[in-house]
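Asker: Input: one structure, supplied below.
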Amino acid sequence: MSTATRPARRRTVRQFVPPQHGAWAMLLVPYLAGVLAAGFRVPDLPLLGAWAAGYLFSYFALQALKTRRPQRYREQLLWYGSGTAALALPVLVTSPQVLLFAPAYAALIAVNAWYAHRRRERALLNDLASVVQSCLMVFVVAAVAGQAPGRVWVPFLVVLMYFAGTVLYVKTMIRERGSRAYRHASVAYHAVALVVAATLGPVQAAVFALLLARAWGLAGRPLSPKQVGLIEIGATVLVLVAALA
C-alpha cells in the first residue's frame, strides 16, 4: 500500500466509523448475555448485524441533527439505513414479537434526539437512555429465542447495573476527573449495586465488589483513555460471567 493511500483509507474509516470505542462494548455485551442465557437461534445472526448497523445509523442521524447539516451525513445514512432495514427484515419475519420493544426504543431514541438537538449529548440522562437501549437487547434476544422475559431478567439487571455505573465511573476518569460530586455519586451507586448484586448470588456479589473497588480506588487517577478502556475490557468479561452465573 502506498503512503498516499494510507491517509485516504484512514479518512474513509473516520468518516464511516464513529470514534466511540466504548459503544461497541455496550452493543456486544447485552447481545452476548442474551444469546448465552436464552440460547442461540439462526435469526440472532442478522439481529446482530441489524443491531450494529442500527447503532451506526443512529449515530450519524444524531450527528446530522446536532450539526443541522443532514447533507453532510447523507452517504452514511443511506448505507447504514439500508443495511439496517435489510438485516432487520428476516428477524421481523421469523420473530415479529420483537416489535413489542419498538415503543420503548422509540421513546429512548427521542431522548437522544432531544439532547442532540440541544447539543448536550454528554448529559447524564442522555447517557443513561443509551444504556437502557443497549441493555434491552437482552430481552430482544430472548424474544427471538421464544423465551419469556423472566428467563433473562438476571442477565438484564446485571448488565444494566454495570453500564449505568460505568457512565458515572468513566466520567470520574475523563471529563469529570476532578469532580468530587461525581466521584461520590459513582462510589455510592456502586455500593448500592453491590447490595442488589448480593441478593442475586455470590458470583454477582464478588464481581460488583470488584467494580466498587475500581470506582473507589481509580477515580481521578491520571490514566489515559486507552488504559481506562483496557480495564473495562476485563470488567466486561467479569460482568458476562456474573450475568450467566
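Ordering of the C-alpha cells sets the chain letters (A, B, ...); residue numbers start at 1 within each chain; ligands are numbered from 1 in the order shown.
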When you look at segment 133-144 of chain A with a cut-off of 9 Å (counting only C-alpha atoms), what residues show up, excluding the ones that are within fewer than 5 positions of it in the same chain? I need them as a JSON list (two decimals) with N, CA, C and O atoms, in the first residue's frame.
Answerer:
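The result, stored in part.json:
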```
[["chain", "number", "residue", "atom", "x", "y", "z"],
["A", 26, "MET", "N", -21.07, -1.75, 24.70],
["A", 26, "MET", "CA", -22.49, -1.62, 25.03],
["A", 26, "MET", "C", -23.37, -2.35, 24.02],
["A", 26, "MET", "O", -24.49, -2.75, 24.34],
["A", 27, "LEU", "N", -22.88, -2.53, 22.81],
["A", 27, "LEU", "CA", -23.62, -3.29, 21.81],
["A", 27, "LEU", "C", -23.46, -4.79, 22.02],
["A", 27, "LEU", "O", -24.43, -5.56, 21.95],
["A", 28, "LEU", "N", -22.23, -5.22, 22.26],
["A", 28, "LEU", "CA", -21.93, -6.65, 22.25],
["A", 28, "LEU", "C", -22.27, -7.36, 23.55],
["A", 28, "LEU", "O", -22.76, -8.50, 23.53],
["A", 29, "VAL", "N", -21.99, -6.72, 24.70],
["A", 29, "VAL", "CA", -22.17, -7.43, 25.97],
["A", 29, "VAL", "C", -23.63, -7.81, 26.22],
["A", 29, "VAL", "O", -23.92, -8.97, 26.54],
["A", 30, "PRO", "N", -24.60, -6.90, 26.09],
["A", 30, "PRO", "CA", -26.00, -7.34, 26.28],
["A", 30, "PRO", "C", -26.44, -8.38, 25.26],
["A", 30, "PRO", "O", -27.19, -9.31, 25.60],
["A", 31, "TYR", "N", -25.99, -8.24, 24.02],
["A", 31, "TYR", "CA", -26.33, -9.23, 23.00],
["A", 31, "TYR", "C", -25.78, -10.60, 23.38],
["A", 31, "TYR", "O", -26.51, -11.60, 23.34],
["A", 32, "LEU", "N", -24.52, -10.66, 23.78],
["A", 32, "LEU", "CA", -23.92, -11.93, 24.17],
["A", 32, "LEU", "C", -24.59, -12.51, 25.41],
["A", 32, "LEU", "O", -24.83, -13.72, 25.50],
["A", 33, "ALA", "N", -24.90, -11.64, 26.36],
["A", 33, "ALA", "CA", -25.58, -12.11, 27.57],
["A", 33, "ALA", "C", -26.93, -12.73, 27.21],
["A", 33, "ALA", "O", -27.31, -13.77, 27.75],
["A", 34, "GLY", "N", -27.64, -12.10, 26.29],
["A", 34, "GLY", "CA", -28.94, -12.64, 25.88],
["A", 34, "GLY", "C", -28.80, -13.97, 25.15],
["A", 34, "GLY", "O", -29.55, -14.91, 25.42],
["A", 35, "VAL", "N", -27.85, -14.05, 24.23],
["A", 35, "VAL", "CA", -27.65, -15.28, 23.47],
["A", 35, "VAL", "C", -27.23, -16.43, 24.38],
["A", 35, "VAL", "O", -27.74, -17.55, 24.29],
["A", 37, "ALA", "N", -27.71, -16.74, 27.57],
["A", 37, "ALA", "CA", -28.73, -17.09, 28.56],
["A", 37, "ALA", "C", -29.95, -17.73, 27.93],
["A", 37, "ALA", "O", -30.52, -18.68, 28.48],
["A", 38, "ALA", "N", -30.38, -17.23, 26.77],
["A", 38, "ALA", "CA", -31.62, -17.71, 26.16],
["A", 38, "ALA", "C", -31.40, -18.80, 25.13],
["A", 38, "ALA", "O", -32.32, -19.52, 24.77],
["A", 39, "GLY", "N", -30.17, -18.92, 24.64],
["A", 39, "GLY", "CA", -29.88, -19.91, 23.61],
["A", 39, "GLY", "C", -29.80, -19.28, 22.23],
["A", 39, "GLY", "O", -30.51, -18.32, 21.93],
["A", 40, "PHE", "N", -28.90, -19.82, 21.41],
["A", 40, "PHE", "CA", -28.69, -19.27, 20.06],
["A", 40, "PHE", "C", -29.76, -19.74, 19.10],
["A", 40, "PHE", "O", -30.16, -20.92, 19.11],
["A", 41, "ARG", "N", -30.22, -18.82, 18.24],
["A", 41, "ARG", "CA", -31.11, -19.14, 17.14],
["A", 41, "ARG", "C", -30.53, -18.48, 15.88],
["A", 41, "ARG", "O", -29.84, -17.46, 15.96],
["A", 43, "PRO", "N", -31.80, -16.56, 13.60],
["A", 43, "PRO", "CA", -32.06, -15.13, 13.42],
["A", 43, "PRO", "C", -31.17, -14.22, 14.27],
["A", 43, "PRO", "O", -31.14, -13.00, 14.04],
["A", 44, "ASP", "N", -30.48, -14.80, 15.27],
["A", 44, "ASP", "CA", -29.57, -13.97, 16.07],
["A", 44, "ASP", "C", -28.45, -13.38, 15.22],
["A", 44, "ASP", "O", -27.90, -12.33, 15.58],
["A", 47, "LEU", "N", -29.80, -10.41, 13.43],
["A", 47, "LEU", "CA", -30.12, -9.47, 14.51],
["A", 47, "LEU", "C", -28.87, -8.70, 14.94],
["A", 47, "LEU", "O", -28.92, -7.48, 15.13],
["A", 51, "TRP", "N", -28.42, -4.77, 14.60],
["A", 51, "TRP", "CA", -28.12, -4.04, 15.83],
["A", 51, "TRP", "C", -26.92, -3.12, 15.63],
["A", 51, "TRP", "O", -26.95, -1.95, 16.00],
["A", 91, "VAL", "N", -35.32, -10.96, 10.60],
["A", 91, "VAL", "CA", -35.63, -11.07, 12.03],
["A", 91, "VAL", "C", -37.11, -10.80, 12.27],
["A", 91, "VAL", "O", -37.79, -11.53, 13.01],
["A", 94, "THR", "N", -39.30, -13.80, 10.98],
["A", 94, "THR", "CA", -39.27, -15.01, 11.80],
["A", 94, "THR", "C", -39.67, -14.76, 13.25],
["A", 94, "THR", "O", -40.15, -15.66, 13.93],
["A", 95, "SER", "N", -39.47, -13.52, 13.73],
["A", 95, "SER", "CA", -39.75, -13.20, 15.14],
["A", 95, "SER", "C", -40.45, -11.85, 15.25],
["A", 95, "SER", "O", -39.88, -10.88, 15.77],
["A", 96, "PRO", "N", -41.68, -11.75, 14.76],
["A", 96, "PRO", "CA", -42.38, -10.45, 14.79],
["A", 96, "PRO", "C", -42.62, -9.93, 16.20],
["A", 96, "PRO", "O", -42.89, -8.74, 16.38],
["A", 97, "GLN", "N", -42.49, -10.80, 17.21],
["A", 97, "GLN", "CA", -42.70, -10.35, 18.59],
["A", 97, "GLN", "C", -41.68, -9.32, 19.04],
["A", 97, "GLN", "O", -41.92, -8.61, 20.02],
["A", 98, "VAL", "N", -40.57, -9.18, 18.33],
["A", 98, "VAL", "CA", -39.58, -8.18, 18.73],
["A", 98, "VAL", "C", -40.13, -6.76, 18.55],
["A", 98, "VAL", "O", -39.61, -5.82, 19.15],
["A", 101, "PHE", "N", -40.94, -4.28, 21.44],
["A", 101, "PHE", "CA", -39.95, -3.39, 22.07],
["A", 101, "PHE", "C", -39.81, -2.06, 21.33],
["A", 101, "PHE", "O", -39.09, -1.18, 21.79],
["A", 104, "ALA", "N", -40.56, 1.26, 23.33],
["A", 104, "ALA", "CA", -39.52, 1.60, 24.30],
["A", 104, "ALA", "C", -38.31, 2.21, 23.60],
["A", 104, "ALA", "O", -37.76, 3.22, 24.05],
["A", 105, "TYR", "N", -37.89, 1.60, 22.50],
["A", 105, "TYR", "CA", -36.75, 2.14, 21.77],
["A", 105, "TYR", "C", -37.07, 3.51, 21.19],
["A", 105, "TYR", "O", -36.22, 4.41, 21.19],
["A", 108, "LEU", "N", -36.77, 6.09, 23.97],
["A", 108, "LEU", "CA", -35.38, 6.32, 24.38],
["A", 108, "LEU", "C", -34.59, 7.07, 23.30],
["A", 108, "LEU", "O", -33.77, 7.94, 23.60],
["A", 109, "ILE", "N", -34.85, 6.73, 22.04],
["A", 109, "ILE", "CA", -34.18, 7.44, 20.95],
["A", 109, "ILE", "C", -34.65, 8.89, 20.90],
["A", 109, "ILE", "O", -33.88, 9.79, 20.56],
["A", 128, "LEU", "N", -27.65, 7.64, 30.15],
["A", 128, "LEU", "CA", -28.44, 6.58, 30.77],
["A", 128, "LEU", "C", -29.51, 6.05, 29.81],
["A", 128, "LEU", "O", -29.81, 4.85, 29.81],
["A", 149, "PRO", "N", -39.53, -13.14, 29.15],
["A", 149, "PRO", "CA", -38.60, -12.17, 29.73],
["A", 149, "PRO", "C", -38.04, -12.60, 31.09],
["A", 149, "PRO", "O", -36.89, -12.29, 31.41],
["A", 151, "ARG", "N", -36.96, -15.31, 31.96],
["A", 151, "ARG", "CA", -35.82, -16.21, 31.80],
["A", 151, "ARG", "C", -34.50, -15.43, 31.82],
["A", 151, "ARG", "O", -33.45, -16.00, 32.18],
["A", 152, "VAL", "N", -34.52, -14.17, 31.42],
["A", 152, "VAL", "CA", -33.27, -13.41, 31.27],
["A", 152, "VAL", "C", -33.24, -12.15, 32.12],
["A", 152, "VAL", "O", -32.45, -11.24, 31.86],
["A", 153, "TRP", "N", -34.09, -12.06, 33.13],
["A", 153, "TRP", "CA", -34.11, -10.81, 33.89],
["A", 153, "TRP", "C", -32.83, -10.62, 34.69],
["A", 153, "TRP", "O", -32.38, -9.47, 34.89],
["A", 155, "PRO", "N", -29.59, -11.62, 33.78],
["A", 155, "PRO", "CA", -28.60, -11.02, 32.88],
["A", 155, "PRO", "C", -28.90, -9.56, 32.55],
["A", 155, "PRO", "O", -27.99, -8.73, 32.49],
["A", 156, "PHE", "N", -30.19, -9.26, 32.33],
["A", 156, "PHE", "CA", -30.55, -7.87, 32.04],
["A", 156, "PHE", "C", -30.17, -6.96, 33.20],
["A", 156, "PHE", "O", -29.56, -5.90, 33.00],
["A", 157, "LEU", "N", -30.52, -7.34, 34.41],
["A", 157, "LEU", "CA", -30.24, -6.49, 35.57],
["A", 157, "LEU", "C", -28.74, -6.32, 35.78],
["A", 157, "LEU", "O", -28.27, -5.22, 36.09],
["A", 159, "VAL", "N", -26.20, -6.51, 33.52],
["A", 159, "VAL", "CA", -25.57, -5.63, 32.54],
["A", 159, "VAL", "C", -26.07, -4.20, 32.68],
["A", 159, "VAL", "O", -25.32, -3.23, 32.46],
["A", 160, "LEU", "N", -27.35, -4.04, 33.07],
["A", 160, "LEU", "CA", -27.88, -2.68, 33.27],
["A", 160, "LEU", "C", -27.15, -1.99, 34.43],
["A", 160, "LEU", "O", -26.74, -0.82, 34.31],
["A", 163, "PHE", "N", -23.44, -1.11, 33.22],
["A", 163, "PHE", "CA", -23.27, 0.00, 32.28],
["A", 163, "PHE", "C", -23.74, 1.33, 32.87],
["A", 163, "PHE", "O", -23.16, 2.38, 32.58]]
```
Asker: Distance atom CA of Ser130 of chain A-atom CA of Tyr73 of chain A, one decimal place?
Answerer: 21.1 Å
Asker: Applying 12 Å and only C-alpha atoms, which residues near Val195 of chain A remain after dropping the ones on its own chain fewer than 3 positions away? List them as a PyMOL selection string.
Answerer: chain A and resi 161+188-192+198-202+204-209+212
Asker: Take the selection from the previous step and output its residues with N, CA, C and O atoms, as a short mmCIF file (atom, residue, chain, number, x, y, z; two decimals), in the first residue's frame.
Answerer:
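Generated file (out-v2.cif):
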```cif
data_model
loop_
_atom_site.label_atom_id
_atom_site.label_comp_id
_atom_site.auth_asym_id
_atom_site.auth_seq_id
_atom_site.Cartn_x
_atom_site.Cartn_y
_atom_site.Cartn_z
N MET A 161 -26.97 -2.69 35.54
CA MET A 161 -26.27 -2.10 36.68
C MET A 161 -24.84 -1.78 36.32
O MET A 161 -24.30 -0.73 36.72
N ALA A 188 -21.18 5.79 45.60
CA ALA A 188 -22.47 5.49 46.22
C ALA A 188 -23.30 4.57 45.33
O ALA A 188 -23.92 3.60 45.82
N TYR A 189 -23.30 4.84 44.04
CA TYR A 189 -24.06 3.99 43.12
C TYR A 189 -23.53 2.56 43.16
O TYR A 189 -24.31 1.60 43.24
N HIS A 190 -22.21 2.40 43.09
CA HIS A 190 -21.64 1.06 43.07
C HIS A 190 -21.87 0.32 44.39
O HIS A 190 -21.98 -0.91 44.41
N ALA A 191 -21.94 1.07 45.48
CA ALA A 191 -22.24 0.43 46.77
C ALA A 191 -23.66 -0.12 46.77
O ALA A 191 -23.91 -1.25 47.22
N VAL A 192 -24.60 0.65 46.24
CA VAL A 192 -25.99 0.18 46.14
C VAL A 192 -26.07 -1.01 45.18
O VAL A 192 -26.77 -2.00 45.44
N ALA A 198 -25.67 -8.73 45.65
CA ALA A 198 -25.55 -9.74 46.71
C ALA A 198 -26.83 -10.55 46.85
O ALA A 198 -26.79 -11.70 47.30
N THR A 199 -27.97 -9.97 46.47
CA THR A 199 -29.23 -10.73 46.54
C THR A 199 -29.35 -11.71 45.38
O THR A 199 -30.21 -12.59 45.41
N LEU A 200 -28.52 -11.54 44.34
CA LEU A 200 -28.58 -12.43 43.17
C LEU A 200 -27.72 -13.67 43.34
O LEU A 200 -28.04 -14.72 42.79
N GLY A 201 -26.62 -13.53 44.07
CA GLY A 201 -25.76 -14.69 44.26
C GLY A 201 -24.34 -14.27 44.58
O GLY A 201 -23.96 -13.11 44.42
N PRO A 202 -23.49 -15.22 45.02
CA PRO A 202 -22.12 -14.90 45.41
C PRO A 202 -21.23 -14.45 44.26
O PRO A 202 -20.34 -13.61 44.44
N GLN A 204 -22.20 -12.79 41.51
CA GLN A 204 -22.57 -11.40 41.22
C GLN A 204 -22.04 -10.46 42.30
O GLN A 204 -21.54 -9.36 41.99
N ALA A 205 -22.12 -10.88 43.55
CA ALA A 205 -21.61 -10.04 44.64
C ALA A 205 -20.11 -9.82 44.50
O ALA A 205 -19.61 -8.70 44.70
N ALA A 206 -19.37 -10.87 44.16
CA ALA A 206 -17.92 -10.74 44.02
C ALA A 206 -17.55 -9.80 42.89
O ALA A 206 -16.65 -8.96 43.03
N VAL A 207 -18.24 -9.92 41.76
CA VAL A 207 -17.94 -9.05 40.61
C VAL A 207 -18.24 -7.60 40.94
O VAL A 207 -17.44 -6.69 40.66
N PHE A 208 -19.38 -7.33 41.56
CA PHE A 208 -19.72 -5.94 41.86
C PHE A 208 -18.90 -5.39 43.02
O PHE A 208 -18.73 -4.17 43.13
N ALA A 209 -18.35 -6.25 43.86
CA ALA A 209 -17.39 -5.77 44.86
C ALA A 209 -16.13 -5.27 44.17
O ALA A 209 -15.56 -4.24 44.56
N LEU A 212 -16.94 -1.95 42.59
CA LEU A 212 -16.93 -0.90 43.62
C LEU A 212 -15.51 -0.49 43.97
O LEU A 212 -15.21 0.71 44.08
#
```
Asker: Name the residues in contact with Gly220 of chain A at a cut-off of 7 Å, using only C-alpha atoms, excluding same-chain residues fewer than 4 positions from it; report them as a ChimeraX atom specification.
Answerer: /A:172-173,177-178
Asker: So, with only C-alpha atoms as the atoms that count, which of A:Ile233, A:Ala197, A:Ala113, A:Leu211 lies closest to Tyr59 of chain A?
Answerer: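 When distances to Tyr59 of chain A are compared using only C-alpha atoms, the smallest one comes from A:Ala113.
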Asker: Can you work out the spacing between atom CA of Ala164 of chain A and atom CA of Val131 of chain A in Å, to one decimal?
Answerer: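 Straight-line distance from atom CA of Ala164 of chain A to atom CA of Val131 of chain A works out to 6.4 Å.
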Asker: Taking the DSSP secondary structure from the backbone, can you list the residues of segment 3-132 of chain A that are helix (DSSP H, G or I), as a PyMOL selection string?
Answerer: chain A and resi 5-16+21-38+44-67+70-94+96-117+124-132
Asker: Determine the nearest neighbour of Trp216 of chain A from the options A:Ser82, A:Leu230, A:Val196, A:Tyr182, counting only C-alpha atoms.
Answerer: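 Of the candidates, the smallest distance to Trp216 of chain A is held by A:Tyr182.
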